[in-house]
$ cat coords04.cif   # mmCIF, C-alpha atoms
data_protein
#
loop_
_atom_site.label_atom_id
_atom_site.label_comp_id
_atom_site.auth_asym_id
_atom_site.auth_seq_id
_atom_site.Cartn_x
_atom_site.Cartn_y
_atom_site.Cartn_z
CA MET A 27 0.00 0.00 0.00
CA SER A 28 1.55 3.28 -1.06
CA LEU A 29 0.55 6.87 -0.81
CA TYR A 30 -0.86 6.66 -4.33
CA THR A 31 -3.56 4.34 -3.08
CA TYR A 32 -5.31 7.42 -1.72
CA ALA A 33 -5.34 9.06 -5.13
CA ALA A 34 -8.18 6.66 -5.88
CA PRO A 35 -11.41 8.50 -5.00
CA SER A 36 -12.95 5.48 -3.24
CA GLN A 37 -9.94 5.11 -0.95
CA PHE A 38 -9.68 8.80 -0.27
CA TYR A 39 -13.40 8.95 0.51
CA ARG A 40 -12.83 6.51 3.37
CA LEU A 41 -9.64 8.16 4.62
CA ALA A 42 -11.16 11.67 4.58
CA GLY A 43 -14.17 10.33 6.46
CA GLN A 44 -11.96 8.95 9.20
CA LEU A 45 -9.81 12.07 9.51
CA THR A 46 -12.56 14.72 9.40
CA PRO A 47 -13.72 14.43 13.05
CA TRP A 48 -10.12 14.71 14.29
CA PHE A 49 -9.53 17.90 12.37
CA ALA A 50 -12.94 19.31 13.27
CA TRP A 51 -12.54 18.71 17.01
CA SER A 52 -8.96 19.99 17.04
CA ALA A 53 -10.15 23.11 15.23
CA ALA A 54 -12.92 23.66 17.79
CA LEU A 55 -10.53 23.15 20.72
CA LEU A 56 -7.83 25.40 19.27
CA THR A 57 -10.38 28.10 18.46
CA GLY A 58 -11.60 28.04 22.05
CA VAL A 59 -8.11 28.24 23.56
CA GLY A 60 -6.95 30.72 20.91
CA LEU A 61 -9.87 33.09 21.51
CA TYR A 62 -9.33 32.88 25.27
CA VAL A 63 -5.63 33.72 24.96
CA SER A 64 -6.34 36.47 22.42
CA PHE A 65 -9.09 38.24 24.29
CA PHE A 66 -8.33 37.57 27.96
CA VAL A 67 -4.61 36.76 28.33
CA ALA A 68 -2.91 38.90 25.68
CA PRO A 69 -2.08 42.42 26.91
CA THR A 70 -3.48 45.67 25.53
CA ASP A 71 -1.49 47.41 22.82
CA PHE A 72 0.51 50.56 23.57
CA GLN A 73 -0.97 52.62 20.75
CA GLN A 74 -4.16 50.93 19.60
CA SER A 75 -5.31 49.74 23.07
CA GLU A 76 -8.10 47.14 22.73
CA ALA A 77 -8.94 47.70 19.08
CA TYR A 78 -5.81 45.86 17.95
CA ARG A 79 -7.45 42.58 19.02
CA ILE A 80 -9.15 42.44 15.62
CA ILE A 81 -5.73 41.23 14.45
CA PHE A 82 -6.41 37.82 16.00
CA ILE A 83 -9.21 37.21 13.51
CA HIS A 84 -7.92 39.40 10.69
CA VAL A 85 -4.44 37.95 10.22
CA PRO A 86 -5.30 34.23 10.37
CA ALA A 87 -8.18 34.88 7.93
CA ALA A 88 -5.93 36.83 5.56
CA TRP A 89 -3.23 34.15 5.72
CA MET A 90 -5.76 31.44 4.95
CA SER A 91 -7.28 33.42 2.08
CA MET A 92 -3.88 33.45 0.37
CA PHE A 93 -2.72 29.99 1.41
CA ILE A 94 -5.91 28.22 0.31
CA TYR A 95 -5.56 29.86 -3.09
CA LEU A 96 -2.01 28.53 -3.44
CA VAL A 97 -3.16 25.03 -2.50
CA MET A 98 -5.98 25.29 -5.07
CA ALA A 99 -3.46 26.36 -7.71
CA PHE A 100 -1.19 23.48 -6.72
CA TRP A 101 -3.99 20.93 -7.13
CA GLY A 102 -5.05 22.60 -10.37
CA ALA A 103 -1.53 22.28 -11.78
CA ILE A 104 -1.27 18.63 -10.69
CA GLY A 105 -4.68 17.93 -12.22
CA LEU A 106 -3.79 19.58 -15.52
CA ALA A 107 -0.42 17.83 -15.77
CA PHE A 108 -1.32 14.34 -14.59
CA ASN A 109 -5.05 14.29 -15.26
CA THR A 110 -5.82 13.09 -11.74
CA ARG A 111 -9.50 13.40 -10.90
CA LEU A 112 -9.10 13.83 -7.19
CA SER A 113 -6.83 16.89 -7.57
CA PHE A 114 -9.57 18.84 -9.33
CA MET A 115 -12.07 17.80 -6.69
CA MET A 116 -9.72 19.03 -3.93
CA SER A 117 -9.44 22.34 -5.72
CA ARG A 118 -13.22 22.68 -5.96
CA ALA A 119 -13.67 21.68 -2.32
CA LEU A 120 -11.33 24.39 -1.09
CA ALA A 121 -12.66 27.37 -3.04
CA PRO A 122 -15.72 28.29 -0.91
CA THR A 123 -13.64 28.28 2.29
CA GLY A 124 -10.98 30.42 0.65
CA ALA A 125 -13.62 32.92 -0.45
CA MET A 126 -15.10 32.89 3.06
CA PHE A 127 -11.73 33.72 4.65
CA THR A 128 -11.18 36.49 2.09
CA VAL A 129 -14.51 38.06 3.07
CA VAL A 130 -13.61 37.75 6.76
CA ALA A 131 -10.20 39.36 6.15
CA LEU A 132 -11.73 42.27 4.21
CA TRP A 133 -14.58 42.72 6.67
CA THR A 134 -12.48 42.67 9.83
CA GLY A 135 -9.96 44.89 8.05
CA ALA A 136 -12.65 47.48 7.37
CA ALA A 137 -13.85 47.31 10.97
CA TRP A 138 -10.25 47.85 12.09
CA GLY A 139 -9.47 50.57 9.57
CA LYS A 140 -12.34 52.83 10.58
CA PRO A 141 -11.27 53.42 14.21
CA MET A 142 -7.49 53.26 13.61
CA TRP A 143 -6.85 54.85 10.21
CA GLY A 144 -10.04 56.86 9.99
CA ALA A 145 -11.43 55.10 6.89
CA TRP A 146 -13.36 51.88 6.23
CA TRP A 147 -11.68 51.45 2.89
CA VAL A 148 -8.81 52.95 0.91
CA TRP A 149 -7.57 51.94 -2.51
CA ASP A 150 -4.04 51.10 -1.51
CA ALA A 151 -2.17 48.17 -3.06
CA ARG A 152 -2.74 45.73 -0.18
CA LEU A 153 -6.49 46.26 0.10
CA THR A 154 -7.07 46.37 -3.65
CA SER A 155 -5.13 43.17 -4.35
CA GLU A 156 -6.99 41.36 -1.57
CA LEU A 157 -10.30 42.50 -3.11
CA ILE A 158 -9.10 41.14 -6.47
CA LEU A 159 -8.49 37.82 -4.67
CA LEU A 160 -12.15 37.74 -3.66
CA PHE A 161 -13.19 38.40 -7.27
CA LEU A 162 -10.87 35.58 -8.40
CA TYR A 163 -12.50 33.14 -5.98
CA ALA A 164 -15.95 34.24 -7.15
CA GLY A 165 -14.93 34.05 -10.81
CA ILE A 166 -13.45 30.55 -10.47
CA MET A 167 -16.53 29.25 -8.67
CA ALA A 168 -18.81 30.88 -11.25
CA LEU A 169 -16.78 29.30 -14.05
CA TRP A 170 -17.11 25.85 -12.50
CA ALA A 171 -20.83 26.35 -12.00
CA SER A 172 -21.38 27.49 -15.58
CA ILE A 173 -19.71 24.54 -17.34
CA ASP A 174 -21.84 21.40 -17.24
CA ASP A 175 -19.16 19.08 -18.58
CA VAL A 176 -17.27 18.19 -15.38
CA ARG A 177 -13.88 17.48 -16.97
CA ARG A 178 -13.94 20.62 -19.11
CA GLY A 179 -15.07 22.67 -16.13
CA ASP A 180 -12.26 21.23 -14.02
CA ARG A 181 -9.63 22.19 -16.58
CA ALA A 182 -11.02 25.68 -17.25
CA GLY A 183 -11.24 26.38 -13.52
CA ALA A 184 -7.70 25.09 -12.91
CA LEU A 185 -6.36 27.32 -15.68
CA LEU A 186 -8.06 30.41 -14.26
CA THR A 187 -6.79 29.49 -10.78
CA LEU A 188 -3.23 29.23 -12.09
CA ILE A 189 -3.41 32.56 -13.90
CA GLY A 190 -4.80 34.23 -10.79
CA ALA A 191 -2.01 32.79 -8.63
CA ILE A 192 0.14 35.69 -9.78
CA ASN A 193 -1.95 37.86 -7.46
CA ILE A 194 -0.78 36.06 -4.30
CA PRO A 195 2.81 37.37 -4.24
CA ILE A 196 1.41 40.77 -5.15
CA ILE A 197 -0.84 40.74 -2.07
CA TYR A 198 1.91 39.45 0.16
CA PHE A 199 4.63 41.85 -0.94
CA SER A 200 2.40 44.86 -1.69
CA VAL A 201 3.28 46.47 1.64
CA LYS A 202 6.96 46.09 0.81
CA TRP A 203 6.98 47.06 -2.87
CA TRP A 204 4.80 50.15 -2.65
CA ASN A 205 4.01 52.59 0.09
CA THR A 206 0.60 51.69 1.41
CA LEU A 207 -1.66 52.79 4.24
CA HIS A 208 -1.68 49.18 5.41
CA GLN A 209 1.17 48.49 7.82
CA GLY A 210 3.97 46.06 6.97
CA SER A 211 3.96 42.46 8.13
CA THR A 212 4.56 41.74 11.81
CA ILE A 213 5.52 38.12 11.25
CA ASN A 214 8.40 37.55 8.84
CA LEU A 215 10.48 34.56 7.95
CA THR A 216 13.65 36.60 8.12
CA LYS A 217 13.31 38.47 11.41
CA ALA A 218 11.81 38.03 14.86
CA PRO A 219 8.12 38.97 15.09
CA SER A 220 7.56 42.54 16.30
CA MET A 221 4.82 41.55 18.68
CA ALA A 222 4.57 40.59 22.36
CA GLN A 223 4.80 36.86 22.90
CA THR A 224 1.33 36.19 24.32
CA MET A 225 -0.18 38.14 21.42
CA LEU A 226 1.80 35.98 19.01
CA ILE A 227 0.70 32.76 20.74
CA GLY A 228 -2.98 33.76 20.50
CA MET A 229 -2.62 34.59 16.82
CA LEU A 230 -0.77 31.39 15.96
CA LEU A 231 -3.28 29.23 17.86
CA LEU A 232 -6.10 30.76 15.84
CA ALA A 233 -4.09 30.36 12.62
CA VAL A 234 -3.64 26.64 13.28
CA ALA A 235 -7.33 26.39 14.16
CA ALA A 236 -8.15 27.99 10.80
CA TRP A 237 -5.96 25.38 9.07
CA PHE A 238 -7.70 22.48 10.78
CA TYR A 239 -11.12 23.98 10.13
CA THR A 240 -10.23 24.36 6.45
CA ILE A 241 -9.04 20.75 6.19
CA ALA A 242 -12.18 19.47 7.92
CA VAL A 243 -14.67 21.36 5.72
CA ALA A 244 -12.65 20.64 2.57
CA PHE A 245 -12.77 16.92 3.40
CA ILE A 246 -16.53 17.06 4.00
CA ARG A 247 -16.99 18.86 0.68
CA VAL A 248 -14.63 16.63 -1.29
CA ARG A 249 -16.48 13.55 -0.01
CA ARG A 250 -19.74 14.88 -1.41
CA LEU A 251 -18.01 15.67 -4.71
CA ILE A 252 -16.55 12.15 -4.88
CA LEU A 253 -19.95 10.57 -4.26
CA GLU A 254 -21.55 12.82 -6.85
CA ARG A 255 -19.00 11.95 -9.52
CA GLU A 256 -18.77 8.24 -8.70
CA ARG A 257 -22.50 7.72 -8.31
CA GLN A 258 -22.57 5.08 -11.07
CA THR A 259 -19.96 2.89 -9.32
CA GLU A 260 -20.98 0.06 -7.00
CA TRP A 261 -19.30 1.35 -3.85
CA ALA A 262 -20.84 4.80 -4.22
CA LYS A 263 -24.26 3.27 -4.90
CA ASP A 264 -23.97 1.29 -1.67
CA ILE A 265 -23.22 4.42 0.37
CA LEU A 266 -25.95 6.45 -1.30
CA ALA A 267 -28.45 3.66 -0.71
CA LYS A 268 -27.56 3.61 2.99
CA GLU A 269 -27.91 7.37 3.23
CA ALA A 270 -31.30 7.48 1.53
CA MET B 24 9.57 13.04 -22.79
CA LYS B 25 6.26 11.73 -21.50
CA SER B 26 3.17 13.70 -22.39
CA ARG B 27 2.32 14.50 -18.76
CA HIS B 28 5.83 15.83 -18.20
CA LYS B 29 5.42 17.95 -21.30
CA LYS B 30 2.15 19.29 -19.88
CA LEU B 31 3.81 20.09 -16.58
CA LEU B 32 6.60 21.90 -18.44
CA VAL B 33 4.02 23.91 -20.38
CA ILE B 34 2.30 24.88 -17.11
CA VAL B 35 5.56 25.87 -15.45
CA LEU B 36 6.73 27.88 -18.47
CA GLY B 37 3.31 29.48 -18.79
CA LEU B 38 3.38 30.56 -15.15
CA ALA B 39 6.92 31.89 -15.51
CA GLY B 40 5.87 33.93 -18.57
CA LEU B 41 2.85 35.22 -16.72
CA GLY B 42 5.03 36.20 -13.77
CA ILE B 43 7.42 38.14 -15.98
CA ALA B 44 4.51 39.88 -17.73
CA ALA B 45 2.96 40.82 -14.39
CA ALA B 46 6.29 42.12 -13.11
CA LEU B 47 6.73 44.30 -16.20
CA ILE B 48 3.19 45.66 -16.01
CA LEU B 49 3.46 46.44 -12.30
CA ASN B 50 6.81 48.10 -12.90
CA ALA B 51 5.32 50.25 -15.65
CA PHE B 52 2.48 51.34 -13.38
CA GLN B 53 4.78 51.89 -10.41
CA SER B 54 3.83 55.53 -10.02
CA ASN B 55 0.11 54.75 -10.08
CA LEU B 56 0.43 52.06 -7.45
CA VAL B 57 1.90 54.16 -4.69
CA PHE B 58 -0.66 55.26 -2.17
CA PHE B 59 1.14 58.45 -1.21
CA PHE B 60 4.14 60.63 -2.00
CA SER B 61 6.76 61.58 0.56
CA PRO B 62 7.63 65.27 1.04
CA THR B 63 10.96 64.59 -0.72
CA GLU B 64 9.12 63.24 -3.77
CA VAL B 65 6.77 66.21 -3.78
CA ALA B 66 9.74 68.58 -3.60
CA ALA B 67 11.28 66.73 -6.56
CA GLY B 68 8.10 67.41 -8.56
CA LYS B 69 6.95 63.78 -8.72
CA ALA B 70 3.44 64.51 -7.43
CA PRO B 71 0.75 65.76 -9.84
CA ALA B 72 0.38 69.53 -9.66
CA ASP B 73 -3.14 69.89 -11.07
CA ARG B 74 -5.04 67.17 -9.25
CA ALA B 75 -5.44 65.80 -5.73
CA PHE B 76 -2.86 63.40 -4.38
CA ARG B 77 -1.78 61.98 -1.05
CA ILE B 78 1.27 62.75 1.00
CA GLY B 79 2.60 60.55 3.75
CA GLY B 80 5.19 60.75 6.48
CA LEU B 81 5.47 61.46 10.17
CA VAL B 82 3.74 64.29 12.00
CA GLU B 83 6.64 66.48 13.13
CA ALA B 84 6.91 66.69 16.92
CA GLY B 85 5.62 70.01 18.26
CA SER B 86 4.12 71.08 14.94
CA VAL B 87 0.41 70.45 15.57
CA LYS B 88 -1.52 73.70 16.05
CA ARG B 89 -5.28 73.96 16.37
CA GLU B 90 -6.96 77.15 15.22
CA GLY B 91 -9.65 79.12 17.01
CA ASP B 92 -12.59 77.53 15.18
CA GLY B 93 -11.78 74.22 16.90
CA LEU B 94 -11.84 72.29 13.62
CA THR B 95 -8.89 73.52 11.60
CA THR B 96 -5.54 71.92 12.35
CA ARG B 97 -2.15 72.83 10.99
CA PHE B 98 0.76 70.43 11.19
CA ILE B 99 3.99 69.55 9.45
CA VAL B 100 4.59 66.24 7.68
CA THR B 101 8.19 65.13 7.55
CA ASP B 102 10.11 62.24 6.04
CA THR B 103 13.13 63.40 8.08
CA ALA B 104 14.70 64.88 4.91
CA LYS B 105 12.03 67.35 3.73
CA THR B 106 8.90 68.74 5.33
CA MET B 107 5.51 69.99 4.15
CA SER B 108 3.01 72.03 6.09
CA VAL B 109 -0.55 70.76 5.99
CA VAL B 110 -3.82 72.45 6.83
CA TYR B 111 -6.89 70.33 7.50
CA LYS B 112 -10.42 71.14 8.56
CA GLY B 113 -12.21 68.17 10.09
CA ILE B 114 -12.04 65.42 12.64
CA LEU B 115 -8.70 63.69 13.04
CA PRO B 116 -8.42 59.92 13.65
CA ASP B 117 -7.63 58.79 17.21
CA LEU B 118 -4.16 57.59 16.27
CA PHE B 119 -3.17 60.98 14.85
CA LYS B 120 -0.23 61.97 17.05
CA GLU B 121 2.98 63.92 16.85
CA GLY B 122 5.82 61.66 15.82
CA LYS B 123 3.43 59.08 14.32
CA GLY B 124 2.61 58.15 10.73
CA VAL B 125 0.02 60.07 8.74
CA VAL B 126 -1.40 60.09 5.21
CA ALA B 127 -3.22 63.19 3.97
CA GLU B 128 -5.16 63.61 0.74
CA GLY B 129 -5.60 66.99 -0.88
CA LYS B 130 -4.01 69.62 -3.11
CA LEU B 131 -1.18 72.06 -2.86
CA GLY B 132 -2.63 75.45 -1.97
CA ALA B 133 -1.53 78.82 -3.35
CA ASP B 134 0.24 79.60 -0.06
CA GLY B 135 2.39 76.48 -0.44
CA ALA B 136 0.59 74.60 2.33
CA PHE B 137 -1.03 71.28 1.48
CA ALA B 138 -4.80 71.68 1.88
CA ALA B 139 -6.00 68.25 3.02
CA THR B 140 -9.53 66.95 2.54
CA GLN B 141 -8.87 63.72 4.41
CA VAL B 142 -6.33 62.77 7.06
CA LEU B 143 -5.64 59.11 7.84
CA ALA B 144 -3.42 57.70 10.56
CA LYS B 145 -0.83 55.15 9.48
CA HIS B 146 0.27 52.90 12.31
CA ASP B 147 3.23 50.54 12.27
CA GLU B 148 3.39 46.76 12.56
CA ASN B 149 4.63 46.68 16.17
CA TYR B 150 2.33 45.43 18.89
CA MET B 151 3.31 45.41 22.54
CA PRO B 152 1.88 46.16 25.96
CA PRO B 153 2.13 49.82 27.14
CA GLU B 154 4.72 48.90 29.80
CA ALA B 155 7.03 47.45 27.15
CA ALA B 156 6.64 50.56 25.02
CA GLN B 157 7.50 52.72 28.04
CA ALA B 158 10.54 50.60 28.82
CA LEU B 159 11.74 50.97 25.23
CA GLU B 160 11.24 54.72 25.37
CA GLN B 161 13.22 55.00 28.61
CA ALA B 162 16.00 52.83 27.19
CA ALA B 163 16.19 55.11 24.14
CA LYS B 164 16.35 58.19 26.40
CA ALA B 165 19.07 56.61 28.56
CA GLN B 166 21.12 55.79 25.50
CA LYS B 167 20.74 59.34 24.21
CA SER B 168 22.00 60.81 27.48
CA VAL B 169 24.97 58.45 27.43
CA VAL B 170 25.85 59.56 23.89
CA GLN B 171 25.56 63.20 24.83
#

$ encode --input "coords04.cif" --output "structure tokens"
Amino acid sequence: MSLYTYAAPSQFYRLAGQLTPWFAWSAALLTGVGLYVSFFVAPTDFQQSEAYRIIFIHVPAAWMSMFIYLVMAFWGAIGLAFNTRLSFMMSRALAPTGAMFTVVALWTGAAWGKPMWGAWWVWDARLTSELILLFLYAGIMALWASIDDVRRGDRAGALLTLIGAINIPIIYFSVKWWNTLHQGSTINLTKAPSMAQTMLIGMLLLAVAAWFYTIAVAFIRVRRLILERERQTEWAKDILAKEA
Amino acid sequence: MKSRHKKLLVIVLGLAGLGIAAALILNAFQSNLVFFFSPTEVAAGKAPADRAFRIGGLVEAGSVKREGDGLTTRFIVTDTAKTMSVVYKGILPDLFKEGKGVVAEGKLGADGAFAATQVLAKHDENYMPPEAAQALEQAAKAQKSVVQ
């Protein structure tokens, strides 16, 4: 038994079913602990006082919005190159969650911008590129929904996802490349985070929780997609008959 | 070469081409992508003279003056090299403070002062408890007195 066994939709259906509760419960637990640390343990900020706490939702959501897109693009590229069915299904299963996190990032950002900057919205490079990301998610999902032929839809969606991937480095580096109203990144790979430690712990706990949540819902969604596409096979028929 | 490897190569090359195209386009639109100009850039004539634009920098310490009407504020924006005086009538954001970041949108007035229609506070990416900020400030002061 190798790792490739799970590239078969029927095998992956079973595996995803077994793993989902673990990820879901870990996500719930980490969210609880993360929110507690973020809102009750982490200290107030020296210049933004309590309002900075929006960061605990805003940053994990923004990270996920970008990361999920990269994973979608990865699966899209694998699907296009190797014609693996499951890759396309993974890509489709991730899109709604990615769009959701993009909305959360934009929404919490607006709620943070109003009291701190003095504006709900400005057209600086960071905010604009993140809005484009939301349009990309919406466009990809609309494209999938509008093409009835599943295989053609998969390939068209994957291509659009790959083209849009160019936006991700633009979002990430926008605060570095251009002067923006949005502040630079607090957490960098190259230097120590410019944030008190308990704040950082709260934020990272919620980021991991967002990861686990994403994996859990993507697995739930991909299982439905597998059943839908394999409905003429015997094993899928058995499951559907039991569910009915 | 297997066909799937060929496909992968096409995808990789396509993405690389797209990346280069995007880099060139973004580079060409560089001046449209900046959110604000620094006082040095304005002095060098990089900002548009006939339409509204934004300037950004730090509010110079000790420069904020409120006028009698209670709404008009005058202050100086600095990028530590050049400065610009700004006049603004309206409510300032809470984070507007001397020595802190600011972005103002408006036009250059006839008197040379920048007449702002909107003032936004730009905060940095550092988050720490007030005690830590105080400790840092004191450390900076102590170092200064040692140097002097």

$ atom_distance --input "coords04.cif" --atom1 "atom CA of A:Ile94" --atom2 "atom CA of A:Asp174"
24.7 Å

$ interface_residues --input "coords04.cif" --of "chain B" --to "chain A" --cutoff "9 Å" --atoms "all atoms listed in the file" --output "short mmCIF file (atom, residue, chain, number, x, y, z; two decimals) with C-alpha atoms, in the coordinates of the input"
data_model
loop_
_atom_site.label_atom_id
_atom_site.label_comp_id
_atom_site.auth_asym_id
_atom_site.auth_seq_id
_atom_site.Cartn_x
_atom_site.Cartn_y
_atom_site.Cartn_z
CA SER B 26 3.17 13.70 -22.39
CA ARG B 27 2.32 14.50 -18.76
CA HIS B 28 5.83 15.83 -18.20
CA LYS B 29 5.42 17.95 -21.30
CA LYS B 30 2.15 19.29 -19.88
CA LEU B 31 3.81 20.09 -16.58
CA LEU B 32 6.60 21.90 -18.44
CA VAL B 33 4.02 23.91 -20.38
CA ILE B 34 2.30 24.88 -17.11
CA VAL B 35 5.56 25.87 -15.45
CA GLY B 37 3.31 29.48 -18.79
CA LEU B 38 3.38 30.56 -15.15
CA LEU B 41 2.85 35.22 -16.72
CA GLY B 42 5.03 36.20 -13.77
CA ALA B 45 2.96 40.82 -14.39
CA GLN B 53 4.78 51.89 -10.41
CA LEU B 56 0.43 52.06 -7.45
CA VAL B 57 1.90 54.16 -4.69
CA PHE B 58 -0.66 55.26 -2.17
CA PHE B 59 1.14 58.45 -1.21
CA PHE B 60 4.14 60.63 -2.00
CA GLY B 79 2.60 60.55 3.75
CA LEU B 115 -8.70 63.69 13.04
CA PRO B 116 -8.42 59.92 13.65
CA ASP B 117 -7.63 58.79 17.21
CA LEU B 118 -4.16 57.59 16.27
CA PHE B 119 -3.17 60.98 14.85
CA VAL B 125 0.02 60.07 8.74
CA VAL B 126 -1.40 60.09 5.21
CA GLN B 141 -8.87 63.72 4.41
CA VAL B 142 -6.33 62.77 7.06
CA LEU B 143 -5.64 59.11 7.84
CA ALA B 144 -3.42 57.70 10.56
CA LYS B 145 -0.83 55.15 9.48
CA HIS B 146 0.27 52.90 12.31
CA ASP B 147 3.23 50.54 12.27
CA GLU B 148 3.39 46.76 12.56
CA ASN B 149 4.63 46.68 16.17
CA TYR B 150 2.33 45.43 18.89
CA MET B 151 3.31 45.41 22.54
CA PRO B 152 1.88 46.16 25.96
CA PRO B 153 2.13 49.82 27.14
CA GLU B 154 4.72 48.90 29.80
CA ALA B 155 7.03 47.45 27.15
CA ALA B 156 6.64 50.56 25.02
CA GLN B 157 7.50 52.72 28.04
#

$ resolve_selection --input "coords04.cif" --expression "the PyMOL selection byres ((chain B and resi 83) around 9)" --output "list in words"
Gly80, Leu81, Val82, Ala84, Gly85, Ser86, Val87, Phe98, Ile99, Val100, Thr101, Asp102, Thr103, Thr106, Glu121, Gly122 and Lys123 of chain B

$ resolve_selection --input "coords04.cif" --expression "the PyMOL selection byres ((chain A and resi 86) around 8)" --output "number ranges by chain"
A: 82-85, 87-90, 229-230, 232-233, 236

$ residues_around --input "coords04.cif" --residues "B:Phe137" --least-positions-apart "2" --cutoff "8 Å" --atoms "all atoms listed in the file" --output "PDB file with C-alpha atoms, in the coordinates of the input"
ATOM      1  CA  MET B 107       5.510  69.990   4.150  1.00  0.00           C
ATOM      2  CA  SER B 108       3.010  72.030   6.090  1.00  0.00           C
ATOM      3  CA  VAL B 109      -0.550  70.760   5.990  1.00  0.00           C
ATOM      4  CA  VAL B 110      -3.820  72.450   6.830  1.00  0.00           C
ATOM      5  CA  GLY B 129      -5.600  66.990  -0.880  1.00  0.00           C
ATOM      6  CA  LYS B 130      -4.010  69.620  -3.110  1.00  0.00           C
ATOM      7  CA  LEU B 131      -1.180  72.060  -2.860  1.00  0.00           C
ATOM      8  CA  GLY B 132      -2.630  75.450  -1.970  1.00  0.00           C
ATOM      9  CA  GLY B 135       2.390  76.480  -0.440  1.00  0.00           C
ATOM     10  CA  ALA B 139      -6.000  68.250   3.020  1.00  0.00           C
TER      11      ALA B 139
END

$ atom_distance --input "coords04.cif" --atom1 "atom CA of A:Leu253" --atom2 "atom CA of A:Gly165"
24.9 Å

$ residues_around --input "coords04.cif" --residues "A:Ile166" --least-positions-apart "4" --cutoff "8 Å" --atoms "all atoms listed in the file" --output "MDAnalysis selection string"
chainID A and resid 162 170 183 186:187

$ residues_around --input "coords04.cif" --residues "stretch 115-124 of chain A" --least-positions-apart "5" --cutoff "7 Å" --atoms "only C-alpha atoms" --output "MDAnalysis selection string"
chainID A and resid 90:91 94:95 98 101:102 163 240 244 247:248 251

$ write_last_selection --input "coords04.cif" --atoms "C-alpha atoms" --output "compact mmCIF listing (two decimals), in the frame of the given file"
# COMPACT_ATOMS: atom_id res chain seq x y z
CA MET A 90 -5.76 31.44 4.95
CA SER A 91 -7.28 33.42 2.08
CA ILE A 94 -5.91 28.22 0.31
CA TYR A 95 -5.56 29.86 -3.09
CA MET A 98 -5.98 25.29 -5.07
CA TRP A 101 -3.99 20.93 -7.13
CA GLY A 102 -5.05 22.60 -10.37
CA TYR A 163 -12.50 33.14 -5.98
CA THR A 240 -10.23 24.36 6.45
CA ALA A 244 -12.65 20.64 2.57
CA ARG A 247 -16.99 18.86 0.68
CA VAL A 248 -14.63 16.63 -1.29
CA LEU A 251 -18.01 15.67 -4.71

$ decode --input "coords04.cif" --residues "stretch 73-86 of chain B" --atoms "N, CA and C atoms" --output "PDB file, in the first residue's frame"
ATOM      1  N   ASP B  73      -1.797  69.386 -10.761  1.00  0.00           N
ATOM      2  CA  ASP B  73      -3.137  69.891 -11.071  1.00  0.00           C
ATOM      3  C   ASP B  73      -4.251  69.096 -10.414  1.00  0.00           C
ATOM      4  N   ARG B  74      -3.952  67.930  -9.864  1.00  0.00           N
ATOM      5  CA  ARG B  74      -5.042  67.169  -9.246  1.00  0.00           C
ATOM      6  C   ARG B  74      -4.658  66.728  -7.829  1.00  0.00           C
ATOM      7  N   ALA B  75      -5.673  66.190  -7.131  1.00  0.00           N
ATOM      8  CA  ALA B  75      -5.442  65.798  -5.734  1.00  0.00           C
ATOM      9  C   ALA B  75      -4.524  64.595  -5.647  1.00  0.00           C
ATOM     10  N   PHE B  76      -3.711  64.560  -4.635  1.00  0.00           N
ATOM     11  CA  PHE B  76      -2.856  63.402  -4.380  1.00  0.00           C
ATOM     12  C   PHE B  76      -2.692  63.248  -2.873  1.00  0.00           C
ATOM     13  N   ARG B  77      -1.976  62.207  -2.478  1.00  0.00           N
ATOM     14  CA  ARG B  77      -1.782  61.980  -1.045  1.00  0.00           C
ATOM     15  C   ARG B  77      -0.307  62.155  -0.688  1.00  0.00           C
ATOM     16  N   ILE B  78      -0.094  62.712   0.484  1.00  0.00           N
ATOM     17  CA  ILE B  78       1.272  62.754   0.998  1.00  0.00           C
ATOM     18  C   ILE B  78       1.310  61.924   2.269  1.00  0.00           C
ATOM     19  N   GLY B  79       2.463  61.379   2.553  1.00  0.00           N
ATOM     20  CA  GLY B  79       2.598  60.554   3.747  1.00  0.00           C
ATOM     21  C   GLY B  79       3.923  60.789   4.425  1.00  0.00           C
ATOM     22  N   GLY B  80       3.949  60.585   5.710  1.00  0.00           N
ATOM     23  CA  GLY B  80       5.188  60.749   6.482  1.00  0.00           C
ATOM     24  C   GLY B  80       4.854  60.739   7.954  1.00  0.00           C
ATOM     25  N   LEU B  81       5.704  61.370   8.729  1.00  0.00           N
ATOM     26  CA  LEU B  81       5.467  61.458  10.169  1.00  0.00           C
ATOM     27  C   LEU B  81       5.015  62.873  10.516  1.00  0.00           C
ATOM     28  N   VAL B  82       4.132  62.972  11.501  1.00  0.00           N
ATOM     29  CA  VAL B  82       3.744  64.286  11.996  1.00  0.00           C
ATOM     30  C   VAL B  82       4.909  64.811  12.830  1.00  0.00           C
ATOM     31  N   GLU B  83       5.460  65.963  12.434  1.00  0.00           N
ATOM     32  CA  GLU B  83       6.638  66.478  13.135  1.00  0.00           C
ATOM     33  C   GLU B  83       6.284  66.833  14.575  1.00  0.00           C
ATOM     34  N   ALA B  84       7.151  66.427  15.497  1.00  0.00           N
ATOM     35  CA  ALA B  84       6.907  66.688  16.915  1.00  0.00           C
ATOM     36  C   ALA B  84       6.810  68.195  17.164  1.00  0.00           C
ATOM     37  N   GLY B  85       5.783  68.604  17.901  1.00  0.00           N
ATOM     38  CA  GLY B  85       5.619  70.007  18.265  1.00  0.00           C
ATOM     39  C   GLY B  85       5.032  70.872  17.171  1.00  0.00           C
ATOM     40  N   SER B  86       4.591  70.267  16.056  1.00  0.00           N
ATOM     41  CA  SER B  86       4.123  71.084  14.941  1.00  0.00           C
ATOM     42  C   SER B  86       2.599  71.227  14.888  1.00  0.00           C
TER      43      SER B  86
END
